[in-house]
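Colleague: Below are the structure tokens for one structure; questions will follow.
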Amino acid sequence: QLRLVESGGGLVQPGGALRLSCAAFGFTLRSKNIGWFRQAPGKAREGVFCLSNANGGTFYKESVKGRFTIFRDSGQNSMYLEMSSLKPEDSGVYYCAADRSIEASIACEPDRYEEVWGQGALVTVSS
């Protein structure tokens, strides 16, 4: 059974930093495209940062440029979202996802990721 298990969410002040972790079980992360998505209350789920397995290309939401980064640790079979200079508008439930399809390798959109999703981690940026 393919599973992704997230950890690392929480409450952080504006300007602070947080790292989200996502451990994979039942498959090897390096064989798939990986991504982080978030959903704010009352809003649709959106892509935040994705890494293509096809060519190593990255896709990210413009508002997180220079503040967020994604990386994969093959030894730990885990993926991470490193977030800094956090803003209140970054708040939401963050989900990790993985998918081997070509569709998932060319855009960071939730509908392109169908294989496996994490359970979600709540991030609240507030003073």
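Lettering and numbering for the structure tokens are positional, with chains as A, B, ... in the shown order, residues counted from 1 in each chain, and ligands counted from 1 in the shown order.
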Near A:Thr58, counting only C-alpha atoms, which residues have an atom at most 10 Å away, once you skip same-chain residues fewer than 6 positions from it, shown as an MDAnalysis selection string?
Modeller: chainID A and resid 33:35 49:52 69:70 105:108
Colleague: At most 10 Å is the cut-off: for each residue in stretch 26-53 of chain A with any atom that close to an atom of stretch 3-11 of chain A, write down the nearest atom pair and the distance in Å rounded to one decimal, counting only C-alpha atoms, chain first then increasing number, as CSV.
Modeller:
```
residue,atom,partner,partner_atom,distance
A:Gly26,CA,A:Arg3,CA,6.5
A:Phe27,CA,A:Arg3,CA,8.1
A:Leu29,CA,A:Leu4,CA,9.7
```
Colleague: For stretch 85-90 of chain A, work out the shell of residues within 12 Å, counting only C-alpha atoms and skipping chain neighbours fewer than 2 positions away, then give it as a ChimeraX atom specification.
Modeller: /A:11-19,37-41,43,46,48,61,63-69,82-83,92-94,122-127
Colleague: Those same residues - N, CA and C atoms - I'd like them written as a compact mmCIF listing (two decimals), in the first residue's frame.
Modeller:
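So result_17.txt came out as:
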```
# COMPACT_ATOMS: atom_id res chain seq x y z
N LEU A 11 1.95 26.32 14.56
CA LEU A 11 1.73 27.77 14.61
C LEU A 11 3.08 28.47 14.57
N VAL A 12 3.19 29.46 13.70
CA VAL A 12 4.44 30.20 13.59
C VAL A 12 4.11 31.68 13.39
N GLN A 13 4.96 32.54 13.90
CA GLN A 13 4.73 33.97 13.75
C GLN A 13 5.11 34.44 12.36
N PRO A 14 4.52 35.52 11.90
CA PRO A 14 4.93 36.08 10.60
C PRO A 14 6.43 36.35 10.59
N GLY A 15 7.03 36.00 9.46
CA GLY A 15 8.48 36.14 9.35
C GLY A 15 9.25 34.92 9.80
N GLY A 16 8.56 33.97 10.40
CA GLY A 16 9.21 32.78 10.90
C GLY A 16 9.42 31.72 9.84
N ALA A 17 9.95 30.58 10.28
CA ALA A 17 10.27 29.49 9.36
C ALA A 17 9.70 28.17 9.88
N LEU A 18 9.50 27.26 8.95
CA LEU A 18 8.95 25.96 9.30
C LEU A 18 9.36 24.96 8.23
N ARG A 19 9.58 23.73 8.65
CA ARG A 19 9.89 22.67 7.69
C ARG A 19 8.82 21.59 7.80
N PHE A 37 1.15 20.92 -1.85
CA PHE A 37 -0.05 21.67 -2.17
C PHE A 37 -0.64 22.21 -0.88
N ARG A 38 -1.43 23.23 -0.97
CA ARG A 38 -2.07 23.76 0.23
C ARG A 38 -3.50 24.17 -0.06
N GLN A 39 -4.28 24.18 1.02
CA GLN A 39 -5.67 24.58 0.90
C GLN A 39 -6.02 25.48 2.07
N ALA A 40 -6.34 26.72 1.76
CA ALA A 40 -6.76 27.68 2.77
C ALA A 40 -8.27 27.55 2.97
N PRO A 41 -8.77 27.94 4.13
CA PRO A 41 -10.21 27.83 4.38
C PRO A 41 -11.03 28.53 3.30
N LYS A 43 -11.07 28.02 0.19
CA LYS A 43 -10.41 28.13 -1.12
C LYS A 43 -10.07 26.76 -1.69
N GLU A 46 -4.29 24.32 -4.03
CA GLU A 46 -3.41 24.87 -5.05
C GLU A 46 -2.01 24.30 -4.93
N VAL A 48 1.91 24.50 -4.60
CA VAL A 48 2.86 25.40 -3.97
C VAL A 48 4.25 25.21 -4.56
N LYS A 61 4.56 28.26 -6.96
CA LYS A 61 3.66 29.41 -6.95
C LYS A 61 4.50 30.68 -6.82
N SER A 63 4.16 33.47 -5.48
CA SER A 63 4.19 34.16 -4.19
C SER A 63 5.15 33.51 -3.19
N VAL A 64 5.62 32.30 -3.47
CA VAL A 64 6.55 31.65 -2.54
C VAL A 64 7.98 31.66 -3.06
N LYS A 65 8.19 32.26 -4.20
CA LYS A 65 9.52 32.32 -4.81
C LYS A 65 10.52 32.96 -3.85
N GLY A 66 11.64 32.29 -3.66
CA GLY A 66 12.67 32.81 -2.78
C GLY A 66 12.42 32.54 -1.31
N ARG A 67 11.25 32.04 -0.96
CA ARG A 67 10.92 31.79 0.46
C ARG A 67 10.76 30.30 0.74
N PHE A 68 10.25 29.56 -0.22
CA PHE A 68 10.02 28.12 -0.04
C PHE A 68 10.97 27.34 -0.94
N THR A 69 11.28 26.14 -0.54
CA THR A 69 11.99 25.25 -1.43
C THR A 69 11.61 23.81 -1.11
N GLU A 82 10.71 23.37 2.80
CA GLU A 82 11.36 24.32 3.68
C GLU A 82 10.74 25.69 3.44
N MET A 83 10.16 26.28 4.49
CA MET A 83 9.45 27.55 4.35
C MET A 83 10.09 28.60 5.24
N GLY A 92 -2.73 27.44 5.99
CA GLY A 92 -3.60 26.48 5.35
C GLY A 92 -3.17 25.06 5.70
N VAL A 93 -3.87 24.11 5.13
CA VAL A 93 -3.48 22.72 5.28
C VAL A 93 -2.58 22.36 4.11
N TYR A 94 -1.41 21.88 4.42
CA TYR A 94 -0.43 21.53 3.40
C TYR A 94 -0.42 20.02 3.19
N LEU A 122 -1.51 21.12 9.18
CA LEU A 122 -2.00 22.49 9.33
C LEU A 122 -0.86 23.44 9.67
N VAL A 123 -0.77 24.50 8.88
CA VAL A 123 0.20 25.57 9.13
C VAL A 123 -0.58 26.85 9.37
N THR A 124 -0.33 27.46 10.50
CA THR A 124 -0.99 28.72 10.84
C THR A 124 0.07 29.77 11.08
N VAL A 125 0.02 30.83 10.30
CA VAL A 125 0.97 31.93 10.44
C VAL A 125 0.22 33.11 11.06
N SER A 126 0.52 33.38 12.31
CA SER A 126 -0.23 34.41 13.04
C SER A 126 0.58 34.90 14.22
N SER A 127 0.37 36.17 14.55
CA SER A 127 1.03 36.72 15.73
C SER A 127 0.12 36.61 16.96
```
Colleague: Find the distance between atom CA of A:Leu20 and atom CA of A:Ala44 and write it in Å to one decimal.
Modeller: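 Separation between atom CA of A:Leu20 and atom CA of A:Ala44: 20.4 Å.
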Colleague: I'd like to know which residues of stretch 10-44 of chain A are strand (DSSP E or B) (by DSSP, run on the backbone); could you write them as an MDAnalysis selection string?
Modeller: chainID A and resid 10:12 18:25 33:39
Colleague: With N, CA, C and O atoms retained, could you export that selection as a tab-separated table (two decimals), in the first residue's frame?
Modeller:
```
chain	number	residue	atom	x	y	z
A	10	GLY	N	2.23	23.49	12.27
A	10	GLY	CA	2.11	24.16	13.56
A	10	GLY	C	1.84	25.63	13.42
A	10	GLY	O	1.58	26.13	12.32
A	11	LEU	N	1.95	26.32	14.56
A	11	LEU	CA	1.73	27.77	14.61
A	11	LEU	C	3.08	28.47	14.57
A	11	LEU	O	4.00	28.11	15.32
A	12	VAL	N	3.19	29.46	13.70
A	12	VAL	CA	4.44	30.20	13.59
A	12	VAL	C	4.11	31.68	13.39
A	12	VAL	O	3.09	32.02	12.79
A	18	LEU	N	9.50	27.26	8.95
A	18	LEU	CA	8.95	25.96	9.30
A	18	LEU	C	9.36	24.96	8.23
A	18	LEU	O	9.46	25.32	7.06
A	19	ARG	N	9.58	23.73	8.65
A	19	ARG	CA	9.89	22.67	7.69
A	19	ARG	C	8.82	21.59	7.80
A	19	ARG	O	8.57	21.07	8.90
A	20	LEU	N	8.23	21.26	6.67
A	20	LEU	CA	7.29	20.15	6.61
A	20	LEU	C	8.00	18.92	6.08
A	20	LEU	O	8.80	19.02	5.13
A	21	SER	N	7.71	17.78	6.67
A	21	SER	CA	8.30	16.52	6.24
A	21	SER	C	7.23	15.57	5.73
A	21	SER	O	6.08	15.63	6.17
A	22	CYS	N	7.63	14.71	4.83
A	22	CYS	CA	6.67	13.76	4.26
A	22	CYS	C	7.43	12.47	3.97
A	22	CYS	O	8.31	12.44	3.10
A	23	ALA	N	7.12	11.43	4.71
A	23	ALA	CA	7.80	10.14	4.55
A	23	ALA	C	6.96	9.20	3.69
A	23	ALA	O	5.74	9.13	3.85
A	24	ALA	N	7.63	8.51	2.78
A	24	ALA	CA	6.95	7.60	1.87
A	24	ALA	C	7.08	6.15	2.35
A	24	ALA	O	8.15	5.74	2.82
A	25	PHE	N	6.00	5.41	2.18
A	25	PHE	CA	5.98	3.99	2.54
A	25	PHE	C	5.36	3.20	1.40
A	25	PHE	O	4.38	3.61	0.80
A	33	ASN	N	7.29	12.04	-9.55
A	33	ASN	CA	7.19	13.48	-9.38
A	33	ASN	C	6.63	13.74	-7.98
A	33	ASN	O	5.78	12.98	-7.49
A	34	ILE	N	7.10	14.78	-7.35
A	34	ILE	CA	6.63	15.08	-5.99
A	34	ILE	C	6.18	16.53	-5.90
A	34	ILE	O	6.67	17.38	-6.64
A	35	GLY	N	5.24	16.76	-5.00
A	35	GLY	CA	4.75	18.13	-4.87
A	35	GLY	C	4.16	18.41	-3.52
A	35	GLY	O	3.79	17.50	-2.77
A	36	TRP	N	4.08	19.70	-3.22
A	36	TRP	CA	3.41	20.20	-2.03
A	36	TRP	C	2.28	21.11	-2.48
A	36	TRP	O	2.46	21.96	-3.35
A	37	PHE	N	1.15	20.92	-1.85
A	37	PHE	CA	-0.05	21.67	-2.17
A	37	PHE	C	-0.64	22.21	-0.88
A	37	PHE	O	-0.36	21.69	0.20
A	38	ARG	N	-1.43	23.23	-0.97
A	38	ARG	CA	-2.07	23.76	0.23
A	38	ARG	C	-3.50	24.17	-0.06
A	38	ARG	O	-3.86	24.47	-1.20
A	39	GLN	N	-4.28	24.18	1.02
A	39	GLN	CA	-5.67	24.58	0.90
A	39	GLN	C	-6.02	25.48	2.07
A	39	GLN	O	-5.97	25.05	3.23
```
Colleague: Under the rule that only C-alpha atoms are counted, which of A:Gly120, A:Gly47, A:Tyr113, A:Arg100 is the nearest residue to A:Thr28?
Modeller: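 Closest to A:Thr28 of all the choices is A:Arg100.
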Colleague: May I have all residues of chain A that DSSP, computed from the backbone, assigns to helix (DSSP H, G or I), given as a VMD selection string?
Modeller: chain A and resid 29 to 31 62 to 64 88 to 90 102 to 105 110 to 112
Colleague: So how many Å separate atom CA of A:Ile102 and atom CA of A:Phe59, to one decimal?
Modeller: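 Atom-to-atom, atom CA of A:Ile102 to atom CA of A:Phe59, that is 14.2 Å.
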